[in-house]
>>> print(open('input21.tsv').read())   # TSV, C-alpha atoms
chain	number	residue	atom	x	y	z
A	741	MET	CA	44.50	-15.47	-62.62
A	742	LYS	CA	46.51	-12.39	-63.54
A	743	ALA	CA	46.11	-9.42	-61.22
A	744	GLU	CA	44.60	-7.19	-63.90
A	745	LYS	CA	41.85	-9.75	-64.65
A	746	PHE	CA	41.20	-10.16	-60.93
A	747	TYR	CA	40.70	-6.41	-60.51
A	748	ASP	CA	38.59	-6.18	-63.65
A	749	GLY	CA	36.35	-8.78	-62.00
A	750	ILE	CA	35.93	-6.93	-58.68
A	751	SER	CA	35.75	-3.40	-60.10
A	752	SER	CA	31.95	-3.22	-59.78
A	753	PHE	CA	32.07	-3.37	-55.97
A	754	TYR	CA	35.64	-2.30	-55.25
A	755	ASP	CA	34.79	1.18	-53.93
A	756	GLU	CA	32.17	-0.31	-51.61
A	757	MET	CA	34.71	-2.86	-50.35
A	758	ILE	CA	37.37	-0.26	-49.49
A	759	SER	CA	34.88	2.29	-48.09
A	760	PHE	CA	36.08	4.83	-50.66
A	761	GLU	CA	34.21	7.90	-49.46
A	762	SER	CA	34.88	7.48	-45.74
A	763	ASN	CA	38.60	6.84	-46.30
A	764	LEU	CA	39.20	9.75	-48.66
A	765	ALA	CA	39.50	12.52	-46.05
A	766	ARG	CA	41.77	10.33	-43.93
A	767	ARG	CA	44.12	9.82	-46.87
A	768	GLU	CA	44.19	13.56	-47.61
A	769	GLU	CA	45.32	14.35	-44.08
A	770	PHE	CA	47.85	11.55	-44.14
A	771	TYR	CA	49.62	12.75	-47.29
A	772	LYS	CA	49.74	16.31	-46.02
A	773	LYS	CA	51.59	14.93	-42.99
A	774	ILE	CA	54.18	12.72	-44.68
A	775	PHE	CA	55.02	14.80	-47.77
A	776	ASP	CA	57.01	17.99	-47.37
A	777	THR	CA	54.77	20.30	-49.39
A	778	LYS	CA	51.32	20.45	-50.95
A	779	LYS	CA	52.84	20.79	-54.40
A	780	GLY	CA	54.80	18.53	-56.71
A	781	LYS	CA	54.28	15.59	-59.04
A	782	VAL	CA	53.18	12.23	-57.64
A	783	ALA	CA	53.04	8.81	-59.32
A	784	ASP	CA	50.37	6.47	-57.91
A	785	LEU	CA	51.61	2.96	-58.68
A	786	GLY	CA	48.72	0.49	-58.67
A	787	CYS	CA	46.14	3.24	-58.37
A	788	GLY	CA	43.02	1.06	-58.31
A	789	SER	CA	39.86	3.18	-58.48
A	790	GLY	CA	41.77	6.29	-57.41
A	791	LEU	CA	41.48	6.62	-53.63
A	792	ASP	CA	45.07	7.81	-53.22
A	793	SER	CA	45.24	9.63	-56.56
A	794	ILE	CA	42.17	11.69	-55.74
A	795	ALA	CA	43.29	12.36	-52.16
A	796	LEU	CA	46.62	13.63	-53.50
A	797	ALA	CA	45.05	15.69	-56.29
A	798	LYS	CA	42.60	17.30	-53.85
A	799	SER	CA	45.56	18.19	-51.66
A	800	GLY	CA	47.19	20.15	-54.49
A	801	PHE	CA	49.53	17.58	-56.05
A	802	ASP	CA	49.88	16.91	-59.78
A	803	VAL	CA	49.09	13.20	-60.05
A	804	ALA	CA	49.77	10.48	-62.63
A	805	ALA	CA	47.92	7.21	-61.90
A	806	PHE	CA	49.15	3.86	-63.20
A	807	ASP	CA	47.39	0.48	-63.09
A	808	PRO	CA	47.34	-2.60	-65.36
A	809	SER	CA	43.55	-3.05	-65.02
A	810	ASP	CA	41.36	-1.39	-67.66
A	811	LYS	CA	38.34	-1.46	-65.36
A	812	MET	CA	40.22	0.19	-62.51
A	813	ILE	CA	41.46	2.97	-64.78
A	814	GLU	CA	37.88	3.51	-65.93
A	815	ALA	CA	36.70	3.65	-62.30
A	816	LEU	CA	39.42	6.15	-61.43
A	817	LYS	CA	38.39	8.41	-64.28
A	818	ARG	CA	34.74	8.33	-63.14
A	819	ASN	CA	35.70	9.06	-59.55
A	820	ALA	CA	38.03	11.87	-60.57
A	821	GLU	CA	35.33	13.44	-62.73
A	822	SER	CA	32.90	13.38	-59.81
A	823	TYR	CA	35.38	15.57	-57.88
A	824	GLY	CA	36.06	17.84	-60.83
A	825	LEU	CA	39.61	16.51	-61.21
A	826	GLN	CA	41.66	15.52	-64.24
A	827	ILE	CA	44.29	12.88	-63.53
A	828	GLU	CA	46.79	11.51	-66.03
A	829	THR	CA	46.55	7.71	-66.35
A	830	GLY	CA	48.67	4.91	-67.76
A	831	LYS	CA	47.83	1.21	-68.17
A	832	PHE	CA	50.89	-0.54	-66.78
A	833	GLY	CA	52.27	-2.02	-63.59
A	834	MET	CA	55.11	-0.51	-61.59
A	835	GLU	CA	57.59	-3.02	-63.04
A	836	ASN	CA	57.08	-1.78	-66.60
A	837	ILE	CA	56.69	1.99	-66.26
A	838	PRO	CA	57.96	3.52	-69.54
A	839	GLY	CA	61.34	5.24	-69.51
A	840	LYS	CA	59.78	8.55	-70.55
A	841	PHE	CA	58.76	9.02	-66.89
A	842	ASP	CA	62.31	8.80	-65.51
A	843	ASP	CA	63.38	11.66	-63.18
A	844	ASN	CA	59.87	13.08	-63.47
A	845	PHE	CA	58.27	12.80	-60.01
A	846	ASP	CA	58.82	14.33	-56.59
A	847	TYR	CA	56.87	11.51	-54.93
A	848	ALA	CA	55.62	7.99	-55.67
A	849	VAL	CA	53.13	5.90	-53.71
A	850	SER	CA	52.09	2.25	-53.87
A	851	MET	CA	49.25	1.58	-51.45
A	852	GLY	CA	46.60	-1.10	-50.92
A	853	ASN	CA	49.03	-4.04	-50.75
A	854	THR	CA	49.78	-3.61	-54.46
A	855	ILE	CA	53.32	-4.97	-54.28
A	856	ALA	CA	52.05	-8.36	-53.08
A	857	HIS	CA	50.91	-9.03	-56.65
A	858	LEU	CA	54.53	-9.06	-57.86
A	859	ASN	CA	56.88	-12.00	-57.56
A	860	LYS	CA	60.38	-11.33	-56.29
A	861	LYS	CA	61.86	-10.70	-59.76
A	862	ASN	CA	59.11	-8.30	-60.82
A	863	LEU	CA	59.09	-6.54	-57.46
A	864	LYS	CA	62.83	-5.87	-57.71
A	865	GLU	CA	62.24	-4.36	-61.14
A	866	GLY	CA	59.22	-2.42	-59.86
A	867	ILE	CA	61.19	-0.90	-56.99
A	868	LYS	CA	64.02	-0.08	-59.39
A	869	ARG	CA	61.56	1.69	-61.70
A	870	ALA	CA	60.04	3.57	-58.75
A	871	TYR	CA	63.54	4.80	-57.90
A	872	GLU	CA	64.26	5.81	-61.49
A	873	ILE	CA	61.07	7.83	-62.00
A	874	LEU	CA	61.84	9.94	-58.91
A	875	LYS	CA	63.80	13.15	-59.02
A	876	PRO	CA	66.92	13.36	-56.80
A	877	GLY	CA	65.73	13.59	-53.19
A	878	GLY	CA	62.32	12.16	-54.12
A	879	THR	CA	60.16	10.16	-51.72
A	880	PHE	CA	58.61	6.71	-52.25
A	881	PHE	CA	55.88	5.52	-49.89
A	882	LEU	CA	54.63	1.94	-50.11
A	883	HIS	CA	52.42	-0.44	-48.17
A	884	GLN	CA	52.11	-4.19	-47.67
A	885	LEU	CA	50.40	-6.46	-45.18
A	886	ASN	CA	52.80	-8.03	-42.69
A	887	TYR	CA	52.27	-11.64	-43.73
A	888	ASP	CA	54.61	-12.87	-40.97
A	889	PHE	CA	52.03	-11.70	-38.41
A	890	PHE	CA	49.08	-13.34	-40.18
A	891	ILE	CA	50.85	-16.65	-40.72
A	892	LYS	CA	52.33	-16.85	-37.21
A	893	ASN	CA	48.93	-16.19	-35.64
A	894	SER	CA	47.00	-18.40	-38.09
A	895	ILE	CA	44.83	-15.48	-39.22
A	896	ARG	CA	43.22	-16.19	-42.56
A	897	ILE	CA	40.43	-13.61	-42.63
A	898	ASN	CA	41.58	-10.11	-43.53
A	899	SER	CA	38.23	-8.32	-43.35
A	900	ILE	CA	34.46	-8.79	-43.41
A	901	LYS	CA	32.24	-6.02	-44.73
A	902	THR	CA	28.51	-6.21	-44.09
A	903	GLY	CA	25.56	-4.34	-45.58
A	904	GLU	CA	23.41	-5.02	-48.61
A	905	ARG	CA	26.39	-7.00	-49.90
A	906	ILE	CA	28.61	-9.23	-47.76
A	907	ILE	CA	32.30	-9.08	-48.75
A	908	ILE	CA	34.81	-11.38	-47.07
A	909	ARG	CA	38.53	-11.13	-47.81
A	910	PHE	CA	40.59	-14.14	-46.75
A	911	TYR	CA	43.81	-16.05	-47.47
A	912	ASP	CA	45.05	-19.57	-48.15
A	913	PHE	CA	48.71	-19.40	-47.10
A	914	GLY	CA	51.69	-21.25	-48.55
A	915	ARG	CA	55.37	-20.76	-47.73
A	916	LYS	CA	56.33	-18.13	-50.31
A	917	LYS	CA	52.97	-17.14	-51.71
A	918	ALA	CA	49.31	-17.07	-50.80
A	919	ARG	CA	45.95	-17.29	-52.49
A	920	PHE	CA	44.00	-14.11	-51.85
A	921	ASN	CA	40.25	-14.59	-52.02
A	922	ILE	CA	37.25	-12.28	-52.07
A	923	LEU	CA	33.89	-13.93	-51.42
A	924	GLU	CA	30.92	-11.68	-52.15
A	925	PHE	CA	27.16	-12.15	-52.17
A	926	ALA	CA	23.98	-10.19	-51.55
A	927	ALA	CA	22.81	-10.27	-47.95
A	928	GLY	CA	20.17	-12.97	-47.68
A	929	SER	CA	21.36	-14.79	-50.83
A	930	PRO	CA	24.57	-16.61	-49.81
A	931	LYS	CA	23.98	-19.36	-52.38
A	932	ASP	CA	24.42	-16.81	-55.15
A	933	TYR	CA	28.02	-16.08	-54.20
A	934	ARG	CA	30.98	-15.21	-56.36
A	935	LEU	CA	34.55	-16.07	-55.41
A	936	HIS	CA	37.44	-14.05	-56.85
A	937	SER	CA	41.00	-15.31	-56.28
A	938	VAL	CA	44.53	-14.20	-57.16
A	939	THR	CA	48.09	-15.01	-56.11
A	940	HIS	CA	49.87	-12.85	-53.54
A	941	TYR	CA	53.61	-13.16	-53.06
A	942	ILE	CA	54.96	-13.00	-49.52
A	943	HIS	CA	57.73	-10.43	-49.05
A	944	ASN	CA	59.03	-9.92	-45.53
A	945	GLN	CA	60.63	-6.85	-43.98
A	946	GLU	CA	64.22	-7.94	-44.56
A	947	GLU	CA	63.59	-8.77	-48.22
A	948	LEU	CA	61.93	-5.42	-48.84
A	949	LYS	CA	64.68	-3.55	-47.02
A	950	SER	CA	67.28	-5.32	-49.17
A	951	MET	CA	65.44	-4.59	-52.44
A	952	LEU	CA	65.01	-0.92	-51.59
A	953	ALA	CA	68.68	-0.54	-50.67
A	954	GLU	CA	69.74	-2.37	-53.82
A	955	ALA	CA	67.65	0.00	-55.93
A	956	GLY	CA	69.53	2.93	-54.41
A	957	PHE	CA	67.23	4.38	-51.76
A	958	GLN	CA	69.35	6.11	-49.12
A	959	SER	CA	66.81	6.21	-46.30
A	960	VAL	CA	64.26	3.48	-45.53
A	961	ALA	CA	61.92	3.58	-42.49
A	962	PHE	CA	59.20	1.05	-41.57
A	963	TYR	CA	55.99	1.99	-39.76
A	964	ALA	CA	53.03	0.01	-38.41
A	965	ASP	CA	50.21	2.34	-39.44
A	966	MET	CA	49.28	5.66	-41.02
A	967	ASN	CA	50.02	7.44	-37.75
A	968	LEU	CA	53.66	6.40	-38.28
A	969	LYS	CA	53.81	4.20	-35.22
A	970	PRO	CA	57.08	2.19	-35.21
A	971	PHE	CA	56.84	-1.17	-36.96
A	972	GLU	CA	57.24	-4.33	-34.88
A	973	ASN	CA	57.27	-7.54	-36.88
A	974	LYS	CA	55.68	-9.68	-34.15
A	975	ILE	CA	52.64	-7.47	-33.55
A	976	SER	CA	52.17	-5.17	-36.56
A	977	LYS	CA	49.52	-6.26	-39.06
A	978	GLU	CA	50.76	-3.91	-41.76
A	979	MET	CA	53.96	-2.27	-42.88
A	980	PHE	CA	54.19	1.24	-44.30
A	981	ILE	CA	57.58	2.08	-45.76
A	982	LEU	CA	58.92	5.60	-46.30
A	983	CYS	CA	61.96	5.81	-48.58
A	984	ARG	CA	64.04	8.69	-49.85
A	985	LYS	CA	66.16	8.72	-52.98
>>> encode(input="input21.tsv", output="structure tokens")
Amino acid sequence: MKAEKFYDGISSFYDEMISFESNLARREEFYKKIFDTKKGKVADLGCGSGLDSIALAKSGFDVAAFDPSDKMIEALKRNAESYGLQIETGKFGMENIPGKFDDNFDYAVSMGNTIAHLNKKNLKEGIKRAYEILKPGGTFFLHQLNYDFFIKNSIRINSIKTGERIIIRFYDFGRKKARFNILEFAAGSPKDYRLHSVTHYIHNQEELKSMLAEAGFQSVAFYADMNLKPFENKISKEMFILCRK
């Protein structure tokens, strides 16, 4: 299944799954810490329902939100309206951002493991486009799970969310790619489950470092979490990457 169809299919419960409201304030504080100012233009690449776009817009940034999923763009617009915000949107992935956006942004972000949906060829192109849409000296911040950690430790379950709806995120791992699954059902009705699956491509630290350098980024730093703790491949579950053009 293509990523956009996968996200169309989970859009009805996506905000519940990611704990949208409780994570919003945390994201606001985070971006104030890692970006130099509270002003400037930001591109949110793979914006989903708008968690990062809205956090950035509330912090004073001018935001453009891009995603290939129609349903996610619709969800972002609803969420933005509820906060009294207007956010520019575009229906495309980071690998095919139109050339009209080149040299247009001070910052770009790609959160929520978005890059795992791109195979190596498309990710190279996506990183190249991220570089090209940034102004000189611009900053690109991206996130991916550290699949090396999950595979080495035989961890298949990413998260379990309980409540009126049970949502379980888990993986079936191969060598170069994985099947990402979301199992969801109403509490008390496990027989009435729905399973949503999509391919994730496994990119390790060295591959990402090489792609970012090849695209032209002059400074690339890896962190383990949103507190900017140093990344350690053997023990870090996630990688957050801060790059400067």
>>> residues_near_point(input="input21.tsv", point="(51.3, 14.0, -45.2)", cutoff="12 Å", atoms="all atoms listed in the file", output="list in words")
Ala765, Arg766, Arg767, Glu768, Glu769, Phe770, Tyr771, Lys772, Lys773, Ile774, Phe775, Asp776, Thr777, Lys778, Lys779, Asp792, Ala795, Leu796, Ser799, Gly800, Phe801, Tyr847, Val849, Thr879, Phe881, Met966, Asn967, Leu968 and Leu982 of chain A
>>> atom_distance(input="input21.tsv", atom1="atom CA of Lys875 of chain A", atom2="atom CA of Ser850 of chain A")
16.8 Å
>>> closest_residue(input="input21.tsv", among="A:Ile873, A:Ile867, A:Ala953, A:Val803", to="Pro838 of chain A", atoms="all atoms listed in the file")
A:Ile873
>>> closest_residue(input="input21.tsv", among="A:Glu744, A:Glu904, A:Glu946, A:Asp912", to="Ala927 of chain A", atoms="all atoms listed in the file")
A:Glu904
>>> atom_distance(input="input21.tsv", atom1="atom CA of Ala804 of chain A", atom2="atom CA of Lys817 of chain A")
11.7 Å
>>> closest_residue(input="input21.tsv", among="A:Tyr871, A:Tyr747, A:Phe845, A:Phe880", to="Asp807 of chain A", atoms="all atoms listed in the file")
A:Tyr747
>>> atom_distance(input="input21.tsv", atom1="atom CA of Phe920 of chain A", atom2="atom CA of Glu972 of chain A")
23.6 Å
>>> closest_residue(input="input21.tsv", among="A:Phe957, A:Tyr887, A:Tyr933, A:Tyr941", to="Ala743 of chain A", atoms="only C-alpha atoms")
A:Tyr941
>>> closest_residue(input="input21.tsv", among="A:Asn819, A:Asn859, A:Ser950, A:Asn886", to="Glu978 of chain A", atoms="all atoms listed in the file")
A:Asn886
>>> residues_around(input="input21.tsv", residues="Thr939 of chain A", least_positions_apart="3", cutoff="12 Å", atoms="all atoms listed in the file", output="ChimeraX atom specification")
/A:741-746,854-859,911-914,916-922,936,942
>>> closest_residue(input="input21.tsv", among="A:Glu835, A:Ile975, A:Ser822, A:Gly928", to="Lys860 of chain A", atoms="all atoms listed in the file")
A:Glu835
>>> residues_around(input="input21.tsv", residues="segment 811-814 of chain A", least_positions_apart="6", cutoff="9 Å", atoms="all atoms listed in the file", output="VMD selection string")
chain A and resid 744 747 to 752 754 787 to 790 805 829 to 831
>>> residues_near_point(input="input21.tsv", point="(55.0, 4.3, -42.4)", cutoff="6 Å", atoms="only C-alpha atoms", output="VMD selection string")
chain A and resid 962 to 963 965 968 980 to 982
